[in-house]
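K.L.:
My structure is in model_35.pdb, and what it holds is PDB, C-alpha atoms:
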```
ATOM      1  CA  MET A   1      -5.472 -32.060  10.165
ATOM      2  CA  SER A   2      -7.681 -30.033   7.835
ATOM      3  CA  THR A   3      -6.550 -29.700   4.245
ATOM      4  CA  THR A   4      -7.704 -26.093   4.098
ATOM      5  CA  LEU A   5      -6.075 -22.946   5.447
ATOM      6  CA  TYR A   6      -7.999 -20.560   7.680
ATOM      7  CA  THR A   7      -7.990 -17.270   5.779
ATOM      8  CA  ILE A   8      -9.001 -13.669   6.312
ATOM      9  CA  SER A   9     -10.391 -12.267   3.075
ATOM     10  CA  VAL A  10     -10.778  -8.526   2.477
ATOM     11  CA  PRO A  11     -12.939  -7.770  -0.591
ATOM     12  CA  PRO A  12     -12.207  -4.825  -2.889
ATOM     13  CA  LYS A  13     -13.114  -1.523  -1.253
ATOM     14  CA  SER A  14     -14.435  -0.374  -4.630
ATOM     15  CA  GLY A  15     -17.379  -2.733  -4.279
ATOM     16  CA  GLN A  16     -16.642  -4.048  -7.768
ATOM     17  CA  PRO A  17     -15.367  -7.504  -8.789
ATOM     18  CA  PRO A  18     -11.638  -7.756  -8.053
ATOM     19  CA  GLN A  19      -9.181  -6.798 -10.778
ATOM     20  CA  GLY A  20      -6.653  -9.049  -9.078
ATOM     21  CA  VAL A  21      -5.922 -10.960  -5.898
ATOM     22  CA  ILE A  22      -3.087 -10.282  -3.447
ATOM     23  CA  VAL A  23      -2.181 -13.153  -1.105
ATOM     24  CA  LEU A  24       0.146 -12.278   1.803
ATOM     25  CA  LEU A  25       1.775 -14.879   4.070
ATOM     26  CA  HIS A  26       2.756 -14.163   7.672
ATOM     27  CA  GLY A  27       6.053 -15.058   9.286
ATOM     28  CA  TRP A  28       7.148 -17.632  11.888
ATOM     29  CA  GLY A  29       5.239 -17.231  15.149
ATOM     30  CA  SER A  30       2.809 -14.673  13.741
ATOM     31  CA  ASN A  31      -0.647 -15.344  12.316
ATOM     32  CA  CYS A  32      -3.025 -14.144   9.637
ATOM     33  CA  GLN A  33      -4.639 -11.583  11.968
ATOM     34  CA  ASP A  34      -1.296  -9.832  12.405
ATOM     35  CA  ILE A  35      -0.551  -9.424   8.722
ATOM     36  CA  ALA A  36      -4.201  -8.735   7.832
ATOM     37  CA  ALA A  37      -3.870  -5.511   9.848
ATOM     38  CA  LEU A  38      -1.861  -4.192   6.889
ATOM     39  CA  ALA A  39      -5.062  -4.040   4.846
ATOM     40  CA  ASN A  40      -6.037  -0.846   6.691
ATOM     41  CA  TYR A  41      -2.907   0.875   5.381
ATOM     42  CA  MET A  42      -2.906  -0.355   1.790
ATOM     43  CA  ASP A  43      -4.446   1.744  -0.968
ATOM     44  CA  LEU A  44      -5.520  -1.104  -3.245
ATOM     45  CA  PRO A  45      -9.291  -0.616  -3.548
ATOM     46  CA  ASP A  46      -9.635  -2.693  -6.740
ATOM     47  CA  TYR A  47      -8.045  -5.848  -5.368
ATOM     48  CA  GLN A  48      -9.092  -8.673  -3.103
ATOM     49  CA  LEU A  49      -6.640  -9.230  -0.241
ATOM     50  CA  MET A  50      -6.171 -12.709   1.210
ATOM     51  CA  PHE A  51      -4.302 -13.588   4.414
ATOM     52  CA  PRO A  52      -4.041 -17.350   5.093
ATOM     53  CA  ASP A  53      -2.876 -18.904   8.354
ATOM     54  CA  ALA A  54       0.032 -21.332   8.352
ATOM     55  CA  PRO A  55      -1.116 -24.884   9.192
ATOM     56  CA  PHE A  56       1.126 -25.601  12.209
ATOM     57  CA  PRO A  57       0.914 -24.207  15.766
ATOM     58  CA  HIS A  58       3.951 -22.305  16.995
ATOM     59  CA  PRO A  59       5.854 -23.991  19.834
ATOM     60  CA  TYR A  60       6.316 -20.833  21.934
ATOM     61  CA  ASN A  61       3.444 -18.508  20.999
ATOM     62  CA  PRO A  62      -0.002 -19.951  21.853
ATOM     63  CA  VAL A  63      -1.696 -17.825  19.185
ATOM     64  CA  GLY A  64       1.145 -18.043  16.669
ATOM     65  CA  LYS A  65       1.471 -20.233  13.595
ATOM     66  CA  MET A  66       4.354 -21.481  11.506
ATOM     67  CA  TRP A  67       4.855 -22.892   8.032
ATOM     68  CA  TYR A  68       7.558 -25.196   9.393
ATOM     69  CA  ALA A  69       9.782 -25.525  12.454
ATOM     70  CA  LEU A  70      13.110 -23.685  12.634
ATOM     71  CA  PRO A  71      16.117 -25.305  14.332
ATOM     72  CA  GLN A  72      17.742 -23.167  17.018
ATOM     73  CA  ASP A  73      20.948 -22.890  14.983
ATOM     74  CA  TYR A  74      19.188 -22.035  11.710
ATOM     75  CA  SER A  75      21.277 -19.682   9.541
ATOM     76  CA  PHE A  76      18.605 -18.621   6.967
ATOM     77  CA  LEU A  77      21.050 -19.624   4.229
ATOM     78  CA  GLY A  78      19.187 -22.456   2.515
ATOM     79  CA  LYS A  79      20.397 -26.045   2.668
ATOM     80  CA  PRO A  80      19.363 -28.657   0.063
ATOM     81  CA  GLU A  81      18.084 -31.193   2.592
ATOM     82  CA  PHE A  82      15.768 -28.626   4.198
ATOM     83  CA  GLY A  83      13.419 -28.642   1.204
ATOM     84  CA  ASP A  84      12.291 -32.206   1.924
ATOM     85  CA  ARG A  85      11.116 -31.610   5.499
ATOM     86  CA  ALA A  86       7.672 -33.122   6.124
ATOM     87  CA  ASP A  87       6.209 -29.918   7.613
ATOM     88  CA  LEU A  88       7.551 -27.777   4.768
ATOM     89  CA  SER A  89       6.237 -30.233   2.179
ATOM     90  CA  THR A  90       2.810 -30.116   3.826
ATOM     91  CA  SER A  91       2.700 -26.310   3.846
ATOM     92  CA  ARG A  92       3.908 -26.201   0.257
ATOM     93  CA  GLN A  93       1.144 -28.520  -0.886
ATOM     94  CA  ARG A  94      -1.505 -26.669   1.154
ATOM     95  CA  LEU A  95      -0.504 -23.358  -0.413
ATOM     96  CA  ILE A  96      -0.518 -24.742  -3.934
ATOM     97  CA  GLU A  97      -3.992 -26.199  -3.345
ATOM     98  CA  PHE A  98      -5.162 -22.950  -1.739
ATOM     99  CA  LEU A  99      -3.974 -20.799  -4.655
ATOM    100  CA  THR A 100      -5.370 -23.176  -7.250
ATOM    101  CA  HIS A 101      -8.770 -23.311  -5.532
ATOM    102  CA  LEU A 102      -8.750 -19.534  -5.136
ATOM    103  CA  THR A 103      -9.058 -19.117  -8.906
ATOM    104  CA  GLN A 104     -12.471 -20.783  -8.673
ATOM    105  CA  THR A 105     -13.807 -18.915  -5.654
ATOM    106  CA  SER A 106     -12.576 -15.472  -6.722
ATOM    107  CA  ASN A 107     -12.981 -15.862 -10.511
ATOM    108  CA  VAL A 108      -9.490 -14.376 -10.798
ATOM    109  CA  PRO A 109      -6.866 -16.479 -12.625
ATOM    110  CA  LEU A 110      -3.376 -17.122 -11.318
ATOM    111  CA  SER A 111      -2.111 -14.744 -14.012
ATOM    112  CA  ARG A 112      -3.753 -11.926 -12.000
ATOM    113  CA  THR A 113      -2.733 -13.218  -8.567
ATOM    114  CA  ILE A 114       0.283 -11.857  -6.684
ATOM    115  CA  LEU A 115       1.765 -13.911  -3.859
ATOM    116  CA  GLY A 116       3.820 -12.225  -1.157
ATOM    117  CA  GLY A 117       5.113 -12.932   2.296
ATOM    118  CA  PHE A 118       7.092 -11.631   5.245
ATOM    119  CA  SER A 119      10.090 -13.507   6.690
ATOM    120  CA  GLN A 120       9.189 -17.220   6.673
ATOM    121  CA  GLY A 121       6.190 -16.242   4.558
ATOM    122  CA  GLY A 122       8.667 -14.755   2.075
ATOM    123  CA  ALA A 123      10.552 -18.045   1.997
ATOM    124  CA  MET A 124       7.293 -19.869   1.270
ATOM    125  CA  THR A 125       6.525 -17.331  -1.461
ATOM    126  CA  LEU A 126       9.827 -18.116  -3.175
ATOM    127  CA  ASP A 127       9.265 -21.855  -2.793
ATOM    128  CA  VAL A 128       5.718 -21.890  -4.189
ATOM    129  CA  GLY A 129       6.260 -19.050  -6.646
ATOM    130  CA  VAL A 130       8.479 -21.153  -8.912
ATOM    131  CA  ARG A 131       5.749 -23.789  -9.188
ATOM    132  CA  LEU A 132       2.722 -21.756 -10.326
ATOM    133  CA  PRO A 133       2.093 -19.264 -13.180
ATOM    134  CA  LEU A 134       1.491 -16.290 -10.878
ATOM    135  CA  ALA A 135       1.438 -12.611 -11.851
ATOM    136  CA  GLY A 136       4.147 -11.592  -9.385
ATOM    137  CA  LEU A 137       5.961 -12.293  -6.130
ATOM    138  CA  MET A 138       6.748 -10.011  -3.173
ATOM    139  CA  ILE A 139       9.496 -11.095  -0.773
ATOM    140  CA  LEU A 140       9.629  -8.994   2.414
ATOM    141  CA  SER A 141      12.567  -9.682   4.736
ATOM    142  CA  GLY A 142      12.636 -13.186   3.292
ATOM    143  CA  TYR A 143      15.159 -15.896   2.555
ATOM    144  CA  LEU A 144      15.626 -19.272   0.847
ATOM    145  CA  HIS A 145      14.993 -22.264   3.090
ATOM    146  CA  ALA A 146      16.412 -24.516   0.350
ATOM    147  CA  PRO A 147      17.805 -23.962  -3.149
ATOM    148  CA  LEU A 148      15.026 -23.015  -5.553
ATOM    149  CA  GLN A 149      13.907 -25.712  -7.936
ATOM    150  CA  PRO A 150      14.040 -24.902 -11.665
ATOM    151  CA  PRO A 151      10.734 -23.150 -12.401
ATOM    152  CA  GLN A 152       7.919 -25.112 -14.005
ATOM    153  CA  THR A 153       6.743 -21.936 -15.731
ATOM    154  CA  PRO A 154       8.540 -18.647 -16.525
ATOM    155  CA  LEU A 155       9.215 -16.827 -13.283
ATOM    156  CA  PRO A 156       7.048 -13.734 -12.731
ATOM    157  CA  PRO A 157       8.246 -10.222 -11.862
ATOM    158  CA  THR A 158       9.536 -10.228  -8.303
ATOM    159  CA  LEU A 159       9.833  -7.514  -5.667
ATOM    160  CA  MET A 160      12.374  -8.022  -2.864
ATOM    161  CA  ILE A 161      12.704  -5.674   0.127
ATOM    162  CA  HIS A 162      15.059  -6.141   3.084
ATOM    163  CA  GLY A 163      16.278  -4.117   6.050
ATOM    164  CA  ARG A 164      19.977  -3.396   6.389
ATOM    165  CA  GLN A 165      19.614  -3.654  10.174
ATOM    166  CA  ASP A 166      17.616  -6.895  10.124
ATOM    167  CA  GLN A 167      18.643  -8.818  13.256
ATOM    168  CA  VAL A 168      16.468 -11.859  12.462
ATOM    169  CA  VAL A 169      17.045 -12.686   8.789
ATOM    170  CA  PRO A 170      20.550 -11.434   7.963
ATOM    171  CA  LEU A 171      21.086  -9.305   4.883
ATOM    172  CA  PRO A 172      23.303 -11.942   3.177
ATOM    173  CA  ALA A 173      20.236 -14.194   3.052
ATOM    174  CA  ALA A 174      18.495 -11.632   0.850
ATOM    175  CA  HIS A 175      21.563 -11.347  -1.358
ATOM    176  CA  GLN A 176      21.642 -15.132  -1.725
ATOM    177  CA  ALA A 177      17.972 -15.243  -2.739
ATOM    178  CA  ARG A 178      18.468 -12.433  -5.237
ATOM    179  CA  ALA A 179      21.456 -14.205  -6.793
ATOM    180  CA  ARG A 180      19.497 -17.445  -7.137
ATOM    181  CA  LEU A 181      16.620 -15.667  -8.861
ATOM    182  CA  GLN A 182      19.061 -14.016 -11.233
ATOM    183  CA  ALA A 183      20.559 -17.420 -12.010
ATOM    184  CA  LEU A 184      17.064 -18.620 -12.906
ATOM    185  CA  GLY A 185      16.573 -15.730 -15.311
ATOM    186  CA  VAL A 186      14.762 -13.144 -13.194
ATOM    187  CA  THR A 187      16.217  -9.815 -12.158
ATOM    188  CA  PRO A 188      14.121  -8.866  -9.115
ATOM    189  CA  GLN A 189      13.170  -5.331  -8.232
ATOM    190  CA  TYR A 190      15.402  -5.193  -5.159
ATOM    191  CA  GLN A 191      15.432  -2.550  -2.429
ATOM    192  CA  GLU A 192      17.203  -2.223   0.907
ATOM    193  CA  TYR A 193      16.070   0.202   3.604
ATOM    194  CA  ASP A 194      17.581   1.392   6.876
ATOM    195  CA  MET A 195      15.231  -0.677   9.012
ATOM    196  CA  GLY A 196      15.120  -3.924  10.961
ATOM    197  CA  HIS A 197      12.917  -6.997  10.599
ATOM    198  CA  GLU A 198       9.705  -5.117   9.929
ATOM    199  CA  ILE A 199       7.285  -3.652   7.401
ATOM    200  CA  GLN A 200       7.471   0.137   7.462
ATOM    201  CA  PRO A 201       5.159   2.534   5.556
ATOM    202  CA  MET A 202       7.745   2.961   2.778
ATOM    203  CA  VAL A 203       7.604  -0.797   2.219
ATOM    204  CA  LEU A 204       3.816  -0.682   1.889
ATOM    205  CA  ASN A 205       4.134   2.160  -0.608
ATOM    206  CA  GLN A 206       6.533   0.156  -2.725
ATOM    207  CA  MET A 207       4.288  -2.913  -2.568
ATOM    208  CA  GLN A 208       1.311  -0.847  -3.731
ATOM    209  CA  SER A 209       3.267   0.603  -6.638
ATOM    210  CA  PHE A 210       4.415  -2.888  -7.640
ATOM    211  CA  VAL A 211       0.832  -4.202  -7.646
ATOM    212  CA  LYS A 212      -0.628  -1.248  -9.542
ATOM    213  CA  GLU A 213       2.101  -1.293 -12.171
ATOM    214  CA  LEU A 214       1.885  -5.038 -12.688
ATOM    215  CA  LEU A 215      -1.763  -6.092 -12.663
ATOM    216  CA  PRO A 216      -3.414  -3.342 -14.749
ATOM    217  CA  SER A 217      -1.098  -4.223 -17.638
ATOM    218  CA  LEU A 218      -2.554  -7.726 -17.571
ATOM    219  CA  ASN A 219      -6.090  -6.389 -17.928
ATOM    220  CA  LYS A 220      -5.530  -4.501 -21.172
ATOM    221  CA  PRO A 221      -7.223  -5.986 -24.258
TER     222      PRO A 221
END
```
Could you spell out this file's structure in structure tokens?
P.N.:
Amino acid sequence: MSTTLYTISVPPKSGQPPQGVIVLLHGWGSNCQDIAALANYMDLPDYQLMFPDAPFPHPYNPVGKMWYALPQDYSFLGKPEFGDRADLSTSRQRLIEFLTHLTQTSNVPLSRTILGGFSQGGAMTLDVGVRLPLAGLMILSGYLHAPLQPPQTPLPPTLMIHGRQDQVVPLPAAHQARARLQALGVTPQYQEYDMGHEIQPMVLNQMQSFVKELLPSLNKP
């Protein structure tokens, strides 16, 4: 299996070198094309947008991908033993390598890179986000697949958004993730909306505000 991740890259609409990089991870059974469609609705002209594919084929969707397999009885309330799964470990390592290599290809450091993800992509964002000195994390309808490890660097500002009517990842999973982040010393910017397992325009607006408030402050002399 290739050690790289197929990625859709959207350069800054400004035509100038990127002021930052936004990496967004798709959910279980989706793919990078699905989440890359969000680029058309995001007003972030100064930033490079990156949408990598998960490395594993989905068992039920011929065009879908997954970061790791989900048991049929999965509760989305992380279990310690889940963090050592071979497929999860592979995806974790691929993402760390991808983000590290991205600093060379984009000339943007990790300190100006925001990692985000939807659903299983949000779980991967939490997993990898405690291991790298990133600028910020965005967790959309996400969860913890295993208890977070103590961070290797100070945890960055974190945005968490979840739907109160989410029928896929239950709301208590978001509350559990928020509590774990708080225990590690980060108070996330947390928001619940009256929506299901989805990304509505109000979520995109909040993501854009989070990016614009966070990255420009890192560019000041």
K.L.:
Excluding stretch 189-199 of chain A and residues on its chain fewer than 6 positions from it, collect all residues at most 10 Å away from it, counting only C-alpha atoms, and give them as a ChimeraX atom specification.
P.N.:
/A:35,38,118-119,138-142,157-171,174-175,178,206,210
K.L.:
Put those residues in a file: C-alpha atoms, as a JSON list (two decimals), in the frame of the given file.
P.N.:
```json
[["chain", "number", "residue", "atom", "x", "y", "z"],
["A", 35, "ILE", "CA", -0.55, -9.42, 8.72],
["A", 38, "LEU", "CA", -1.86, -4.19, 6.89],
["A", 118, "PHE", "CA", 7.09, -11.63, 5.24],
["A", 119, "SER", "CA", 10.09, -13.51, 6.69],
["A", 138, "MET", "CA", 6.75, -10.01, -3.17],
["A", 139, "ILE", "CA", 9.50, -11.10, -0.77],
["A", 140, "LEU", "CA", 9.63, -8.99, 2.41],
["A", 141, "SER", "CA", 12.57, -9.68, 4.74],
["A", 142, "GLY", "CA", 12.64, -13.19, 3.29],
["A", 157, "PRO", "CA", 8.25, -10.22, -11.86],
["A", 158, "THR", "CA", 9.54, -10.23, -8.30],
["A", 159, "LEU", "CA", 9.83, -7.51, -5.67],
["A", 160, "MET", "CA", 12.37, -8.02, -2.86],
["A", 161, "ILE", "CA", 12.70, -5.67, 0.13],
["A", 162, "HIS", "CA", 15.06, -6.14, 3.08],
["A", 163, "GLY", "CA", 16.28, -4.12, 6.05],
["A", 164, "ARG", "CA", 19.98, -3.40, 6.39],
["A", 165, "GLN", "CA", 19.61, -3.65, 10.17],
["A", 166, "ASP", "CA", 17.62, -6.90, 10.12],
["A", 167, "GLN", "CA", 18.64, -8.82, 13.26],
["A", 168, "VAL", "CA", 16.47, -11.86, 12.46],
["A", 169, "VAL", "CA", 17.05, -12.69, 8.79],
["A", 170, "PRO", "CA", 20.55, -11.43, 7.96],
["A", 171, "LEU", "CA", 21.09, -9.30, 4.88],
["A", 174, "ALA", "CA", 18.50, -11.63, 0.85],
["A", 175, "HIS", "CA", 21.56, -11.35, -1.36],
["A", 178, "ARG", "CA", 18.47, -12.43, -5.24],
["A", 206, "GLN", "CA", 6.53, 0.16, -2.72],
["A", 210, "PHE", "CA", 4.42, -2.89, -7.64]]
```
K.L.:
Leaving out A:Leu5 and any residue of its chain fewer than 5 positions from it, which residues lie within 8 Å of it when counting all atoms listed in the file, given as a list in words?
P.N.:
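Non-adjacent residues within range: Pro52, Asp53, Ala54, Pro55, Arg94 and Phe98 of chain A.
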K.L.:
Counting all atoms listed in the file, which residue out of A:Leu115, A:Val128, A:Leu144, A:Ile96 sits closest to A:Gly20?
P.N.:
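Checking each of A:Leu115, A:Val128, A:Leu144, A:Ile96 against A:Gly20, counting all atoms listed in the file, the winner is A:Leu115.
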K.L.:
Quick check, in Å to one decimal: how far apart do atom CA of A:His101 and atom CA of A:His145 lie?
P.N.:
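About the pair atom CA of A:His101 and atom CA of A:His145: they are 25.3 Å apart.
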K.L.:
What gap, in Å, lies between atom CA of A:Thr90 and atom CA of A:Met207?
P.N.:
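Atom CA of A:Met207 lies 28.0 Å from atom CA of A:Thr90.
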K.L.:
Around stretch 171-185 of chain A, with edges along x, y and z and 8 Å added on all six sides, what centre and edge lengths do you get, in Å to one decimal, as AutoDock Vina command-line options?
P.N.:
```
--center_x 19.9 --center_y -14.0 --center_z -5.2 --size_x 22.7 --size_y 25.3 --size_z 36.2
```
K.L.:
Rank A:Leu137, A:Leu132, A:Leu25, A:Ile114 by their smallest atom-to-atom distance to A:Ser91, using only C-alpha atoms, and report the top residue only.
P.N.:
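Nearest candidate to A:Ser91 out of A:Leu137, A:Leu132, A:Leu25, A:Ile114: A:Leu25.
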K.L.:
Hey, what's within 8 Å of A:Asp127 if we count all atoms listed in the file and toss same-chain stuff fewer than 3 positions away? As number ranges by chain, please?
P.N.:
A: 92, 123-124, 130-131, 144, 148-149
K.L.:
Tell me which residues the PyMOL selection byres ((chain A and resi 80-87) around 7) grabs here, as an MDAnalysis selection string.
P.N.:
chainID A and resid 68 78:79 88:91 145:147
K.L.:
For those residues, write C-alpha atoms to a file as a PDB file, in the coordinates of the input.
P.N.:
```
ATOM      1  CA  TYR A  68       7.558 -25.196   9.393  1.00  0.00           C
ATOM      2  CA  GLY A  78      19.187 -22.456   2.515  1.00  0.00           C
ATOM      3  CA  LYS A  79      20.397 -26.045   2.668  1.00  0.00           C
ATOM      4  CA  LEU A  88       7.551 -27.777   4.768  1.00  0.00           C
ATOM      5  CA  SER A  89       6.237 -30.233   2.179  1.00  0.00           C
ATOM      6  CA  THR A  90       2.810 -30.116   3.826  1.00  0.00           C
ATOM      7  CA  SER A  91       2.700 -26.310   3.846  1.00  0.00           C
ATOM      8  CA  HIS A 145      14.993 -22.264   3.090  1.00  0.00           C
ATOM      9  CA  ALA A 146      16.412 -24.516   0.350  1.00  0.00           C
ATOM     10  CA  PRO A 147      17.805 -23.962  -3.149  1.00  0.00           C
TER      11      PRO A 147
END
```
K.L.:
Could you write out as a PDB file with C-alpha atoms, in the coordinates of the input the residues that the PyMOL selection byres ((chain A and resi 211) around 12) matches in the shown file?
P.N.:
```
ATOM      1  CA  GLN A  19      -9.181  -6.798 -10.778  1.00  0.00           C
ATOM      2  CA  GLY A  20      -6.653  -9.049  -9.078  1.00  0.00           C
ATOM      3  CA  VAL A  21      -5.922 -10.960  -5.898  1.00  0.00           C
ATOM      4  CA  ILE A  22      -3.087 -10.282  -3.447  1.00  0.00           C
ATOM      5  CA  VAL A  23      -2.181 -13.153  -1.105  1.00  0.00           C
ATOM      6  CA  MET A  42      -2.906  -0.355   1.790  1.00  0.00           C
ATOM      7  CA  ASP A  43      -4.446   1.744  -0.968  1.00  0.00           C
ATOM      8  CA  LEU A  44      -5.520  -1.104  -3.245  1.00  0.00           C
ATOM      9  CA  PRO A  45      -9.291  -0.616  -3.548  1.00  0.00           C
ATOM     10  CA  ASP A  46      -9.635  -2.693  -6.740  1.00  0.00           C
ATOM     11  CA  TYR A  47      -8.045  -5.848  -5.368  1.00  0.00           C
ATOM     12  CA  GLN A  48      -9.092  -8.673  -3.103  1.00  0.00           C
ATOM     13  CA  LEU A  49      -6.640  -9.230  -0.241  1.00  0.00           C
ATOM     14  CA  ARG A 112      -3.753 -11.926 -12.000  1.00  0.00           C
ATOM     15  CA  THR A 113      -2.733 -13.218  -8.567  1.00  0.00           C
ATOM     16  CA  ILE A 114       0.283 -11.857  -6.684  1.00  0.00           C
ATOM     17  CA  LEU A 115       1.765 -13.911  -3.859  1.00  0.00           C
ATOM     18  CA  GLY A 116       3.820 -12.225  -1.157  1.00  0.00           C
ATOM     19  CA  ALA A 135       1.438 -12.611 -11.851  1.00  0.00           C
ATOM     20  CA  GLY A 136       4.147 -11.592  -9.385  1.00  0.00           C
ATOM     21  CA  LEU A 137       5.961 -12.293  -6.130  1.00  0.00           C
ATOM     22  CA  MET A 138       6.748 -10.011  -3.173  1.00  0.00           C
ATOM     23  CA  PRO A 157       8.246 -10.222 -11.862  1.00  0.00           C
ATOM     24  CA  THR A 158       9.536 -10.228  -8.303  1.00  0.00           C
ATOM     25  CA  LEU A 159       9.833  -7.514  -5.667  1.00  0.00           C
ATOM     26  CA  LEU A 204       3.816  -0.682   1.889  1.00  0.00           C
ATOM     27  CA  ASN A 205       4.134   2.160  -0.608  1.00  0.00           C
ATOM     28  CA  GLN A 206       6.533   0.156  -2.725  1.00  0.00           C
ATOM     29  CA  MET A 207       4.288  -2.913  -2.568  1.00  0.00           C
ATOM     30  CA  GLN A 208       1.311  -0.847  -3.731  1.00  0.00           C
ATOM     31  CA  SER A 209       3.267   0.603  -6.638  1.00  0.00           C
ATOM     32  CA  PHE A 210       4.415  -2.888  -7.640  1.00  0.00           C
ATOM     33  CA  LYS A 212      -0.628  -1.248  -9.542  1.00  0.00           C
ATOM     34  CA  GLU A 213       2.101  -1.293 -12.171  1.00  0.00           C
ATOM     35  CA  LEU A 214       1.885  -5.038 -12.688  1.00  0.00           C
ATOM     36  CA  LEU A 215      -1.763  -6.092 -12.663  1.00  0.00           C
ATOM     37  CA  PRO A 216      -3.414  -3.342 -14.749  1.00  0.00           C
ATOM     38  CA  SER A 217      -1.098  -4.223 -17.638  1.00  0.00           C
ATOM     39  CA  LEU A 218      -2.554  -7.726 -17.571  1.00  0.00           C
TER      40      LEU A 218
END
```
K.L.:
So which one's closest to A:Pro172, A:Tyr143, A:Trp28, A:Ile8, A:Leu99? Using only C-alpha atoms, please.
P.N.:
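Once distances to A:Pro172 are computed over only C-alpha atoms, the minimum belongs to A:Tyr143.
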K.L.:
What's the separation between atom CA of A:Thr105 and atom CA of A:Thr125, in Å to one decimal place?
P.N.:
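That distance, rounded to one decimal, is 20.8 Å.
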K.L.:
For A:Gln93, which of A:Ser106, A:Trp67, A:Gln72, A:Lys13 is the closest residue, counting all atoms listed in the file?
P.N.:
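Among A:Ser106, A:Trp67, A:Gln72, A:Lys13, it is A:Trp67 that comes nearest to A:Gln93.
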K.L.:
Restricting the calculation to all atoms listed in the file: of A:Leu126, A:Cys32, A:Ala69, A:Val186, which residue gets closest to A:Pro156?
P.N.:
A:Val186
K.L.:
May I ask which of the residues A:Ala37, A:Val203, A:Phe51, A:Gly129 is the closest one to A:Tyr6, counting all atoms listed in the file?
P.N.:
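Distance minimum relative to A:Tyr6 lands on A:Phe51.
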K.L.:
When you get a chance, write out N, CA and C atoms for stretch 110-123 of chain A, as a JSON list (two decimals), keeping the file's coordinate frame.
P.N.:
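Heads up, here's the output in selection_9.json:
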```
[["chain", "number", "residue", "atom", "x", "y", "z"],
["A", 110, "LEU", "N", -4.71, -17.26, -11.91],
["A", 110, "LEU", "CA", -3.38, -17.12, -11.32],
["A", 110, "LEU", "C", -2.57, -16.03, -12.00],
["A", 111, "SER", "N", -2.83, -15.78, -13.27],
["A", 111, "SER", "CA", -2.11, -14.74, -14.01],
["A", 111, "SER", "C", -2.44, -13.34, -13.52],
["A", 112, "ARG", "N", -3.43, -13.21, -12.62],
["A", 112, "ARG", "CA", -3.75, -11.93, -12.00],
["A", 112, "ARG", "C", -3.71, -12.04, -10.47],
["A", 113, "THR", "N", -2.90, -12.99, -10.00],
["A", 113, "THR", "CA", -2.73, -13.22, -8.57],
["A", 113, "THR", "C", -1.27, -12.98, -8.19],
["A", 114, "ILE", "N", -1.06, -12.13, -7.20],
["A", 114, "ILE", "CA", 0.28, -11.86, -6.68],
["A", 114, "ILE", "C", 0.41, -12.51, -5.32],
["A", 115, "LEU", "N", 1.49, -13.26, -5.13],
["A", 115, "LEU", "CA", 1.76, -13.91, -3.86],
["A", 115, "LEU", "C", 2.92, -13.20, -3.18],
["A", 116, "GLY", "N", 2.76, -12.89, -1.91],
["A", 116, "GLY", "CA", 3.82, -12.22, -1.16],
["A", 116, "GLY", "C", 3.89, -12.77, 0.25],
["A", 117, "GLY", "N", 4.99, -12.46, 0.93],
["A", 117, "GLY", "CA", 5.11, -12.93, 2.30],
["A", 117, "GLY", "C", 6.24, -12.25, 3.03],
["A", 118, "PHE", "N", 6.10, -12.24, 4.36],
["A", 118, "PHE", "CA", 7.09, -11.63, 5.24],
["A", 118, "PHE", "C", 7.88, -12.72, 5.95],
["A", 119, "SER", "N", 9.21, -12.61, 5.95],
["A", 119, "SER", "CA", 10.09, -13.51, 6.69],
["A", 119, "SER", "C", 9.89, -14.94, 6.22],
["A", 120, "GLN", "N", 9.42, -15.85, 7.11],
["A", 120, "GLN", "CA", 9.19, -17.22, 6.67],
["A", 120, "GLN", "C", 8.12, -17.28, 5.58],
["A", 121, "GLY", "N", 7.17, -16.34, 5.64],
["A", 121, "GLY", "CA", 6.19, -16.24, 4.56],
["A", 121, "GLY", "C", 6.83, -15.87, 3.23],
["A", 122, "GLY", "N", 7.92, -15.08, 3.29],
["A", 122, "GLY", "CA", 8.67, -14.76, 2.08],
["A", 122, "GLY", "C", 9.38, -15.97, 1.53],
["A", 123, "ALA", "N", 9.91, -16.81, 2.43],
["A", 123, "ALA", "CA", 10.55, -18.05, 2.00],
["A", 123, "ALA", "C", 9.54, -18.98, 1.33]]
```
